[in-house]
Amino acid sequence: MNQNYIQPDNWSIIEEGFDTESVKSSESLFSIGNGAMGQRANFEEYYSGATFQGSYIAGVYYPDKTKVGWWKNGYPEYFAKVLNAPNWIGINVKINDEILDLNACKNVADFRRELNMKEGWYERTFKATLQNDIEIAVTAKRFLSLDIDEVGAIAYSVKPLNNDATITYTPYLDAGIKNEDANWEEKFWETIQVKEENNQAFIVAKTLKTDFYACTFMQTELKLNDKSIDLPTNVSQKSTDISFHYSQEVKANETLTIHKYGGYTVCTNHDKYELITAAKKALQQATSLGFDALLENQKEAWAKIWEMADITIEGDVKAQQGIRFNIFQLNQTYLGKDSRLNIGPKGFTGEKYGGSTYWDTEAYCIPFYMTTKDQQVARNLLQYRYNHLEKAIENAQKLGFNNGAALYPMVTMNGEECHNEWEITFEEIHRNGAIAFAIYNYTRYTGDYSYIPEMGLEVMIGIARFWHQRASFSTAKNKYVILGVTGPNEYENNVNNNWYTNYIAQWCIKFTNEHIEKVRQEYTADYERIMQKVRLSEQEISSWMEVAENMYFPYSEQYGVYLQQDGFLDKDLVSVADLDPSQRPINQKWSWDRILRSPYIKQADTLQGFYFFEDHFTQEELEKHFNFYEPFTVHESSLSPCVHSIQAAKLDKMDMAYTFYLRTSRLDLDDYNKEVEEGLHITSMAGTWMSIVEGFGGMRMKNDTLSFEPRIPWQWKGYSFKVNYRNHILKINVTQDGTSFELEKGDDLVILVDGKKVAVSPNDLVTV
């Protein structure tokens, strides 16, 4: 834990007291989004201190030319940047001609931020004494509408406290922005048009190279003591920005409020020549309702989300706050409406990593969306990969693979690989396995097999072809090996025979072969269409199976465990507990050379395989591997604590499971990795949900039946969650005294609880 200023609260993220050192961290933590756009919690008014300005539009990106001092064949030519979009939230404020700047005030008192997760809004309040000795009270509330997802709304109020004052509001749009992480200081946006009309302002801009057109827009209203007023509007217009200016004499203890409506219309949803027309329509919808009615609609929309997605925890406020923060941010980032979109690792909270999707989506996020929403949402995420299959084949071709072999990218926006680190781009090929595993995970949970004959089998064939070609035969071992890879543990690069990679490669081939046969027998038309398209022969399948049946897995007879990779035991096996705490985190204290020679594991690697394929191994095997690898794990990846929490719970190591849960749920709130100012770890937040549902709740699929093995930390009085299982809504409530199940929707259902069949009927509470 590296920070502790967020106040414990069941439903809100709260900061009290103004500290310039925490501004950028809070800009991440208090970020808001609605699936279509999002923004960091930057101040509306001018701020001269350290800040990281960021507004983002879903699906809009820029191919920033890769910056390396050397080049390799097949190397990605660009890194897809999540673009900082034109800023619409800005409202400069002057009091008697002195600009309001919290970094320059004589005093800032009663500063408070609140991100209300239950209702979906962000508010900031404070009192400030300016250099001219005027004291003011400020309230700023904003949200991004879930109902009208092209629109956000701000209510900004100033009250002079010790004297009458002239208040000047200057709301503006600014397209002259840049990314903090630009490789070459390139300009990403070109302004096409700046326009003002009927108290509305518009800036049409397009991205260079990718030609995404976006219209940023705003409209304002003014109120004095809650009564609407009309003030003369002075317009300032430049090549990349436009602003309105309003001035009003305000008596002490009176309040001047500006309502600002703004947002984006984008060419992905509208004709690029009709973006201003679309913006006017969005503004008309928003202003006809007004700020208060829009806010009420926002509360209702979030209530519907929470009705299904909420997890309650009794007796542990920090744990409760943590899980709701994770669920809230996941829903702000992706709502499943558009199969063209995916879940970026930072969502709408920062620029780091780039790209719109990693393997995190398939490995961690799909279970959350599949279980808390309609199954179509998860299917959309799978369709996203199918839509990018041709690009995955091109990615493999660039590396020398052929015959339709597909290598899905580590980082992508459009299906093309755009990661700029060779040990990830070329070597972290295990991501391919996560795509196939997600198909398996989806079909076994939802019972919807149709995705495989319609789309999934083509994806699986491309992946199997890749694994077949990527493996090579070792005459010394008389086995097939996979050389020169990086496993999930990124503190080990260019290793041979990473056990997890070899295991999931073998599984992918066998899984694909099994479903080729199933589709052949049960979906004849689809089978013929697919075979004609991919030109797959029995001889080729036979050669796949030769590789799968003879895959090499490194194993230690001494320890009785599969080895993370060849040579793992050659390392100096000093446990993390014996590391000097001053050397942590090692990724910020050690050279990369030293890390690579150490035994330290960034995140679950071998244990990732035991998580995915738990039913392939005995409880005793899991425990032996957990006890061997966890002591070497430094958990310096956001994806690490959740898997270890699930497995610790499975092994009834409840204190350890709870500690890992708290770490994953409060990873950003408490800034464990000292990097939250760069943005939140959105995709790992789904792992937090898994820590409760799969870890403590013990939810699994066993023999086509939903199964639970509930456990509860001693720190909690109880917890509850809901799952949408094959159109059955099942509520699970676990207390120290037992577990109850209630079927809120759907016909009678038989589940397994601790291995025993339990029948659940609609609205009939069953306690075990």
# chains A, B, ... in the order shown; residues from 1 in each chain; ligands from 1
$ select_by_dssp --residues "segment 325-425 of chain A" --states "helix (DSSP H, G or I)" --output "PyMOL selection string"
chain A and resi 325-333+360-372+375-387+389-398+422-425
$ select_by_dssp --residues "segment 506-737 of chain A" --states "strand (DSSP E or B)" --output "VMD selection string"
chain A and resid 551 555 to 556 561 to 562 601 633 700 to 702 705 to 708 718 to 725 728 to 735
$ write_last_selection --atoms "N, CA and C atoms" --output "mmCIF file, in the first residue's frame"
data_model
loop_
_atom_site.group_PDB
_atom_site.id
_atom_site.type_symbol
_atom_site.label_atom_id
_atom_site.label_comp_id
_atom_site.auth_asym_id
_atom_site.auth_seq_id
_atom_site.Cartn_x
_atom_site.Cartn_y
_atom_site.Cartn_z
ATOM 1 N N MET A 551 3.830 -33.400 -26.893
ATOM 2 C CA MET A 551 4.350 -32.130 -26.393
ATOM 3 C C MET A 551 5.219 -32.366 -25.157
ATOM 4 N N TYR A 555 9.587 -30.856 -16.041
ATOM 5 C CA TYR A 555 9.081 -31.365 -14.761
ATOM 6 C C TYR A 555 10.258 -31.619 -13.825
ATOM 7 N N SER A 556 10.053 -31.365 -12.548
ATOM 8 C CA SER A 556 11.075 -31.629 -11.540
ATOM 9 C C SER A 556 10.669 -32.823 -10.691
ATOM 10 N N VAL A 561 6.910 -31.030 -9.269
ATOM 11 C CA VAL A 561 6.105 -29.973 -9.891
ATOM 12 C C VAL A 561 6.542 -29.789 -11.339
ATOM 13 N N TYR A 562 5.609 -29.302 -12.171
ATOM 14 C CA TYR A 562 5.972 -28.846 -13.500
ATOM 15 C C TYR A 562 6.781 -27.560 -13.356
ATOM 16 N N ILE A 601 8.577 -14.015 -9.952
ATOM 17 C CA ILE A 601 7.466 -14.184 -10.881
ATOM 18 C C ILE A 601 6.540 -12.980 -10.755
ATOM 19 N N THR A 633 6.576 -15.317 -6.071
ATOM 20 C CA THR A 633 5.751 -14.377 -6.832
ATOM 21 C C THR A 633 5.727 -13.014 -6.149
ATOM 22 N N ARG A 700 -18.058 -22.806 -10.320
ATOM 23 C CA ARG A 700 -17.423 -23.517 -11.421
ATOM 24 C C ARG A 700 -18.510 -24.138 -12.295
ATOM 25 N N MET A 701 -18.108 -24.642 -13.462
ATOM 26 C CA MET A 701 -18.961 -25.505 -14.264
ATOM 27 C C MET A 701 -18.446 -26.923 -14.125
ATOM 28 N N LYS A 702 -19.307 -27.849 -13.699
ATOM 29 C CA LYS A 702 -18.914 -29.244 -13.546
ATOM 30 C C LYS A 702 -19.974 -30.130 -14.198
ATOM 31 N N THR A 705 -23.076 -28.484 -15.272
ATOM 32 C CA THR A 705 -23.915 -28.035 -14.166
ATOM 33 C C THR A 705 -23.202 -26.931 -13.403
ATOM 34 N N LEU A 706 -23.954 -25.899 -13.032
ATOM 35 C CA LEU A 706 -23.395 -24.805 -12.245
ATOM 36 C C LEU A 706 -23.119 -25.300 -10.832
ATOM 37 N N SER A 707 -21.896 -25.038 -10.353
ATOM 38 C CA SER A 707 -21.463 -25.604 -9.077
ATOM 39 C C SER A 707 -20.888 -24.518 -8.181
ATOM 40 N N PHE A 708 -21.112 -24.676 -6.867
ATOM 41 C CA PHE A 708 -20.580 -23.737 -5.874
ATOM 42 C C PHE A 708 -19.945 -24.510 -4.723
ATOM 43 N N GLY A 718 -20.987 -11.544 6.014
ATOM 44 C CA GLY A 718 -21.651 -12.198 4.888
ATOM 45 C C GLY A 718 -21.348 -11.483 3.590
ATOM 46 N N TYR A 719 -21.658 -12.137 2.482
ATOM 47 C CA TYR A 719 -21.534 -11.502 1.172
ATOM 48 C C TYR A 719 -22.565 -12.129 0.242
ATOM 49 N N SER A 720 -22.920 -11.391 -0.803
ATOM 50 C CA SER A 720 -23.902 -11.904 -1.760
ATOM 51 C C SER A 720 -23.566 -11.417 -3.155
ATOM 52 N N PHE A 721 -23.987 -12.184 -4.153
ATOM 53 C CA PHE A 721 -23.814 -11.795 -5.544
ATOM 54 C C PHE A 721 -24.873 -12.503 -6.374
ATOM 55 N N LYS A 722 -25.036 -12.035 -7.611
ATOM 56 C CA LYS A 722 -25.973 -12.658 -8.543
ATOM 57 C C LYS A 722 -25.226 -13.110 -9.789
ATOM 58 N N VAL A 723 -25.743 -14.153 -10.417
ATOM 59 C CA VAL A 723 -25.212 -14.593 -11.706
ATOM 60 C C VAL A 723 -26.371 -14.826 -12.662
ATOM 61 N N ASN A 724 -26.124 -14.499 -13.915
ATOM 62 C CA ASN A 724 -27.068 -14.785 -14.983
ATOM 63 C C ASN A 724 -26.567 -16.044 -15.682
ATOM 64 N N TYR A 725 -27.174 -17.166 -15.361
ATOM 65 C CA TYR A 725 -26.743 -18.455 -15.888
ATOM 66 C C TYR A 725 -27.816 -19.016 -16.812
ATOM 67 N N HIS A 728 -31.162 -17.764 -16.276
ATOM 68 C CA HIS A 728 -31.626 -17.879 -14.897
ATOM 69 C C HIS A 728 -30.866 -16.843 -14.060
ATOM 70 N N ILE A 729 -31.587 -16.049 -13.304
ATOM 71 C CA ILE A 729 -30.935 -15.102 -12.398
ATOM 72 C C ILE A 729 -30.928 -15.734 -11.012
ATOM 73 N N LEU A 730 -29.748 -16.056 -10.546
ATOM 74 C CA LEU A 730 -29.592 -16.751 -9.281
ATOM 75 C C LEU A 730 -28.844 -15.858 -8.304
ATOM 76 N N LYS A 731 -29.421 -15.658 -7.132
ATOM 77 C CA LYS A 731 -28.765 -14.877 -6.087
ATOM 78 C C LYS A 731 -28.181 -15.817 -5.041
ATOM 79 N N ILE A 732 -26.915 -15.573 -4.711
ATOM 80 C CA ILE A 732 -26.214 -16.402 -3.735
ATOM 81 C C ILE A 732 -25.863 -15.521 -2.540
ATOM 82 N N ASN A 733 -26.246 -15.956 -1.359
ATOM 83 C CA ASN A 733 -25.952 -15.203 -0.131
ATOM 84 C C ASN A 733 -25.217 -16.121 0.837
ATOM 85 N N VAL A 734 -23.997 -15.724 1.196
ATOM 86 C CA VAL A 734 -23.148 -16.545 2.056
ATOM 87 C C VAL A 734 -22.935 -15.824 3.385
ATOM 88 N N THR A 735 -23.202 -16.520 4.483
ATOM 89 C CA THR A 735 -22.941 -15.981 5.815
ATOM 90 C C THR A 735 -22.063 -16.965 6.571
#
$ residues_around --residues "Ala155 of chain A" --least-positions-apart "5" --cutoff "6 Å" --atoms "only C-alpha atoms" --output "list in words"
Ala140, Lys141, Ile258 and His259 of chain A
$ residues_around --residues "His681 of chain A" --least-positions-apart "2" --cutoff "9 Å" --atoms "only C-alpha atoms" --output "list in words"
Pro345, Lys346, Gly347, Thr349, Ser638, Leu639, Leu667, Asp668, Val676, Gly679, Thr683, Ser684 and Met685 of chain A
$ closest_residue --among "A:Ser691, A:Thr257, A:Ser31, A:Thr210" --to "Leu224 of chain A" --atoms "only C-alpha atoms"
A:Thr257
$ atom_distance --atom1 "atom CA of Asn342 of chain A" --atom2 "atom CA of Tyr369 of chain A"
11.6 Å
$ closest_residue --among "A:Leu161, A:Leu294, A:Val194, A:Ala175" --to "Gly120 of chain A" --atoms "only C-alpha atoms"
A:Leu294
$ atom_distance --atom1 "atom CA of Val766 of chain A" --atom2 "atom CA of Val317 of chain A"
27.5 Å
$ residues_around --residues "segment 276-290 of chain A" --least-positions-apart "6" --cutoff "12 Å" --atoms "only C-alpha atoms" --output "compact mmCIF listing (two decimals) with N, CA, C and O atoms, in the first residue's frame"
# COMPACT_ATOMS: atom_id res chain seq x y z
N LEU A 144 -21.41 11.54 -17.16
CA LEU A 144 -21.54 11.19 -18.57
C LEU A 144 -22.78 10.32 -18.70
O LEU A 144 -22.85 9.25 -18.09
N SER A 145 -23.72 10.77 -19.46
CA SER A 145 -25.03 10.13 -19.53
C SER A 145 -24.95 8.72 -20.09
O SER A 145 -24.33 8.48 -21.14
N LEU A 146 -25.59 7.78 -19.41
CA LEU A 146 -25.73 6.42 -19.95
C LEU A 146 -26.85 6.36 -20.98
O LEU A 146 -26.80 5.55 -21.92
N ASP A 147 -27.87 7.21 -20.82
CA ASP A 147 -29.01 7.19 -21.74
C ASP A 147 -28.68 7.85 -23.07
O ASP A 147 -29.05 7.36 -24.14
N ILE A 148 -28.03 9.00 -23.02
CA ILE A 148 -27.62 9.72 -24.24
C ILE A 148 -26.10 9.70 -24.22
O ILE A 148 -25.45 10.63 -23.74
N ASP A 149 -25.51 8.63 -24.74
CA ASP A 149 -24.10 8.39 -24.44
C ASP A 149 -23.13 9.26 -25.24
O ASP A 149 -21.91 9.08 -25.13
N GLU A 150 -23.65 10.19 -26.01
CA GLU A 150 -22.79 11.18 -26.66
C GLU A 150 -22.67 12.45 -25.83
O GLU A 150 -21.95 13.37 -26.21
N VAL A 151 -23.35 12.49 -24.68
CA VAL A 151 -23.49 13.74 -23.92
C VAL A 151 -23.03 13.57 -22.48
O VAL A 151 -23.29 12.56 -21.83
N GLY A 152 -22.35 14.59 -21.99
CA GLY A 152 -22.06 14.73 -20.58
C GLY A 152 -22.60 16.07 -20.10
O GLY A 152 -22.89 16.96 -20.90
N ALA A 153 -22.74 16.21 -18.78
CA ALA A 153 -23.31 17.44 -18.23
C ALA A 153 -22.54 17.87 -17.00
O ALA A 153 -22.10 17.04 -16.20
N ILE A 154 -22.39 19.19 -16.85
CA ILE A 154 -21.68 19.78 -15.71
C ILE A 154 -22.56 20.86 -15.09
O ILE A 154 -23.17 21.67 -15.80
N ALA A 155 -22.64 20.87 -13.77
CA ALA A 155 -23.24 21.98 -13.03
C ALA A 155 -22.14 22.58 -12.17
O ALA A 155 -21.64 21.93 -11.25
N ILE A 192 -10.81 20.82 -38.47
CA ILE A 192 -11.46 21.04 -39.77
C ILE A 192 -12.36 22.27 -39.73
O ILE A 192 -12.38 23.08 -40.66
N GLN A 193 -13.11 22.43 -38.63
CA GLN A 193 -14.09 23.51 -38.57
C GLN A 193 -14.33 23.92 -37.12
O GLN A 193 -14.42 23.06 -36.24
N VAL A 194 -14.41 25.22 -36.89
CA VAL A 194 -14.78 25.77 -35.58
C VAL A 194 -16.01 26.65 -35.82
O VAL A 194 -15.97 27.56 -36.66
N LYS A 195 -17.09 26.38 -35.09
CA LYS A 195 -18.35 27.05 -35.42
C LYS A 195 -19.14 27.38 -34.16
O LYS A 195 -19.15 26.62 -33.20
N GLU A 196 -19.79 28.54 -34.17
CA GLU A 196 -20.71 28.95 -33.09
C GLU A 196 -22.06 29.28 -33.71
O GLU A 196 -22.15 29.89 -34.77
N GLU A 197 -23.13 28.83 -33.01
CA GLU A 197 -24.47 29.07 -33.54
C GLU A 197 -25.48 28.93 -32.41
O GLU A 197 -25.54 27.89 -31.76
N ASN A 198 -26.24 29.97 -32.13
CA ASN A 198 -27.33 29.92 -31.15
C ASN A 198 -26.88 29.40 -29.78
O ASN A 198 -27.48 28.49 -29.21
N ASN A 199 -25.81 29.98 -29.26
CA ASN A 199 -25.29 29.61 -27.95
C ASN A 199 -24.78 28.16 -27.91
O ASN A 199 -24.71 27.53 -26.87
N GLN A 200 -24.48 27.63 -29.07
CA GLN A 200 -23.86 26.32 -29.18
C GLN A 200 -22.53 26.47 -29.91
O GLN A 200 -22.39 27.32 -30.79
N ALA A 201 -21.57 25.64 -29.53
CA ALA A 201 -20.26 25.70 -30.18
C ALA A 201 -19.89 24.30 -30.65
O ALA A 201 -20.22 23.30 -30.00
N PHE A 202 -19.17 24.24 -31.78
CA PHE A 202 -18.78 22.97 -32.37
C PHE A 202 -17.36 23.06 -32.91
O PHE A 202 -16.98 24.07 -33.51
N ILE A 203 -16.60 22.01 -32.68
CA ILE A 203 -15.30 21.87 -33.34
C ILE A 203 -15.26 20.50 -34.02
O ILE A 203 -15.40 19.48 -33.35
N VAL A 204 -15.13 20.50 -35.32
CA VAL A 204 -14.95 19.25 -36.05
C VAL A 204 -13.46 19.06 -36.29
O VAL A 204 -12.78 19.96 -36.81
N ALA A 205 -12.97 17.90 -35.88
CA ALA A 205 -11.55 17.59 -36.08
C ALA A 205 -11.43 16.16 -36.56
O ALA A 205 -12.34 15.34 -36.36
N TYR A 213 -13.28 11.15 -37.76
CA TYR A 213 -13.85 12.49 -37.64
C TYR A 213 -14.68 12.55 -36.36
O TYR A 213 -15.48 11.65 -36.10
N ALA A 214 -14.50 13.62 -35.60
CA ALA A 214 -15.28 13.80 -34.37
C ALA A 214 -15.69 15.25 -34.24
O ALA A 214 -14.91 16.16 -34.55
N CYS A 215 -16.90 15.45 -33.78
CA CYS A 215 -17.38 16.80 -33.47
C CYS A 215 -17.47 16.93 -31.95
O CYS A 215 -18.20 16.17 -31.30
N THR A 216 -16.72 17.86 -31.41
CA THR A 216 -16.80 18.19 -29.99
C THR A 216 -17.75 19.38 -29.85
O THR A 216 -17.63 20.35 -30.62
N PHE A 217 -18.66 19.32 -28.90
CA PHE A 217 -19.69 20.35 -28.86
C PHE A 217 -20.01 20.79 -27.44
O PHE A 217 -19.67 20.09 -26.47
N MET A 218 -20.66 21.95 -27.33
CA MET A 218 -21.12 22.41 -26.01
C MET A 218 -22.29 23.38 -26.16
O MET A 218 -22.48 24.02 -27.19
N GLN A 219 -23.06 23.44 -25.08
CA GLN A 219 -24.13 24.42 -24.93
C GLN A 219 -24.22 24.76 -23.45
O GLN A 219 -24.00 23.89 -22.60
N THR A 220 -24.56 26.01 -23.13
CA THR A 220 -24.55 26.43 -21.73
C THR A 220 -25.87 27.09 -21.33
O THR A 220 -26.61 27.62 -22.16
N GLU A 221 -26.12 27.05 -20.02
CA GLU A 221 -27.24 27.74 -19.40
C GLU A 221 -26.73 28.37 -18.11
O GLU A 221 -25.82 27.82 -17.47
N LEU A 222 -27.32 29.48 -17.71
CA LEU A 222 -26.89 30.17 -16.49
C LEU A 222 -28.06 30.34 -15.54
O LEU A 222 -29.20 30.58 -15.96
N SER A 228 -33.18 30.87 -13.89
CA SER A 228 -32.50 31.05 -15.17
C SER A 228 -32.33 32.52 -15.49
O SER A 228 -33.23 33.35 -15.25
N HIS A 259 -24.63 25.61 -16.25
CA HIS A 259 -24.82 24.24 -16.71
C HIS A 259 -24.17 24.14 -18.09
O HIS A 259 -24.49 24.93 -18.99
N LYS A 260 -23.29 23.20 -18.22
CA LYS A 260 -22.61 23.00 -19.50
C LYS A 260 -22.89 21.59 -19.98
O LYS A 260 -22.65 20.61 -19.26
N TYR A 261 -23.39 21.48 -21.21
CA TYR A 261 -23.62 20.19 -21.85
C TYR A 261 -22.60 20.05 -22.97
O TYR A 261 -22.39 20.98 -23.76
N GLY A 262 -21.97 18.90 -23.03
CA GLY A 262 -20.95 18.71 -24.06
C GLY A 262 -20.76 17.25 -24.38
O GLY A 262 -21.41 16.38 -23.80
N GLY A 263 -19.86 16.99 -25.30
CA GLY A 263 -19.57 15.61 -25.66
C GLY A 263 -19.05 15.49 -27.07
O GLY A 263 -18.47 16.44 -27.61
N TYR A 264 -19.29 14.31 -27.68
CA TYR A 264 -18.74 14.01 -28.99
C TYR A 264 -19.76 13.27 -29.86
O TYR A 264 -20.46 12.38 -29.38
N THR A 265 -19.80 13.64 -31.13
CA THR A 265 -20.40 12.78 -32.15
C THR A 265 -19.26 12.33 -33.06
O THR A 265 -18.35 13.11 -33.36
N VAL A 266 -19.30 11.09 -33.51
CA VAL A 266 -18.15 10.47 -34.16
C VAL A 266 -18.58 9.80 -35.46
O VAL A 266 -19.70 9.29 -35.58
N CYS A 267 -17.66 9.78 -36.42
CA CYS A 267 -17.98 9.22 -37.74
C CYS A 267 -18.20 7.71 -37.70
O CYS A 267 -18.72 7.15 -38.67
N ASN A 269 -20.34 6.42 -35.91
CA ASN A 269 -21.78 6.29 -35.68
C ASN A 269 -22.63 7.19 -36.57
O ASN A 269 -23.85 7.01 -36.63
N HIS A 270 -22.00 8.16 -37.25
CA HIS A 270 -22.72 9.11 -38.09
C HIS A 270 -21.91 9.37 -39.36
O HIS A 270 -20.70 9.17 -39.39
N GLU A 296 -31.44 12.44 -12.89
CA GLU A 296 -32.37 11.41 -12.40
C GLU A 296 -32.36 10.19 -13.31
O GLU A 296 -32.39 9.05 -12.84
N ASN A 297 -32.29 10.43 -14.61
CA ASN A 297 -32.20 9.31 -15.55
C ASN A 297 -30.90 8.53 -15.34
O ASN A 297 -30.87 7.30 -15.47
N GLN A 298 -29.84 9.27 -15.04
CA GLN A 298 -28.56 8.63 -14.76
C GLN A 298 -28.65 7.70 -13.55
O GLN A 298 -28.17 6.56 -13.57
$ residues_around --residues "Thr357 of chain A" --least-positions-apart "5" --cutoff "9 Å" --atoms "only C-alpha atoms" --output "ChimeraX atom specification"
/A:341-345,409-413
$ atom_distance --atom1 "atom CA of Ile57 of chain A" --atom2 "atom CA of Gly35 of chain A"
8.9 Å
$ closest_residue --among "A:Asn163, A:Gln506, A:Asn403, A:Gln647" --to "Val534 of chain A" --atoms "only C-alpha atoms"
A:Asn403
$ closest_residue --among "A:Leu596, A:Leu381, A:Val108, A:Val495" --to "Leu335 of chain A" --atoms "only C-alpha atoms"
A:Leu381
$ closest_residue --among "A:Gly609, A:Gly322, A:Pro631, A:Gly400" --to "Leu662 of chain A" --atoms "only C-alpha atoms"
A:Gly322
$ closest_residue --among "A:Asn493, A:Arg324, A:Val634, A:Asp704" --to "Thr443 of chain A" --atoms "only C-alpha atoms"
A:Asp704
$ residues_around --residues "Arg385 of chain A" --least-positions-apart "5" --cutoff "8 Å" --atoms "only C-alpha atoms" --output "list in words"
Gly415, Ile435 and Val459 of chain A
$ write_last_selection --atoms "all heavy atoms" --output "compact mmCIF listing (two decimals), in the first residue's frame"
# COMPACT_ATOMS: atom_id res chain seq x y z
N GLY A 415 -7.02 -5.22 -34.96
CA GLY A 415 -6.64 -6.60 -35.24
C GLY A 415 -5.18 -6.76 -35.59
O GLY A 415 -4.63 -7.86 -35.55
N ILE A 435 -7.63 -16.85 -26.34
CA ILE A 435 -8.76 -16.63 -27.25
C ILE A 435 -9.58 -17.92 -27.35
O ILE A 435 -10.82 -17.91 -27.25
CB ILE A 435 -8.26 -16.22 -28.65
CG1 ILE A 435 -7.23 -15.09 -28.59
CG2 ILE A 435 -9.45 -15.85 -29.53
CD1 ILE A 435 -7.70 -13.81 -28.00
N VAL A 459 -11.74 -19.46 -36.03
CA VAL A 459 -10.74 -18.88 -35.13
C VAL A 459 -9.87 -20.00 -34.55
O VAL A 459 -8.63 -19.91 -34.53
CB VAL A 459 -11.41 -18.08 -34.01
CG1 VAL A 459 -10.40 -17.64 -32.96
CG2 VAL A 459 -12.14 -16.87 -34.59
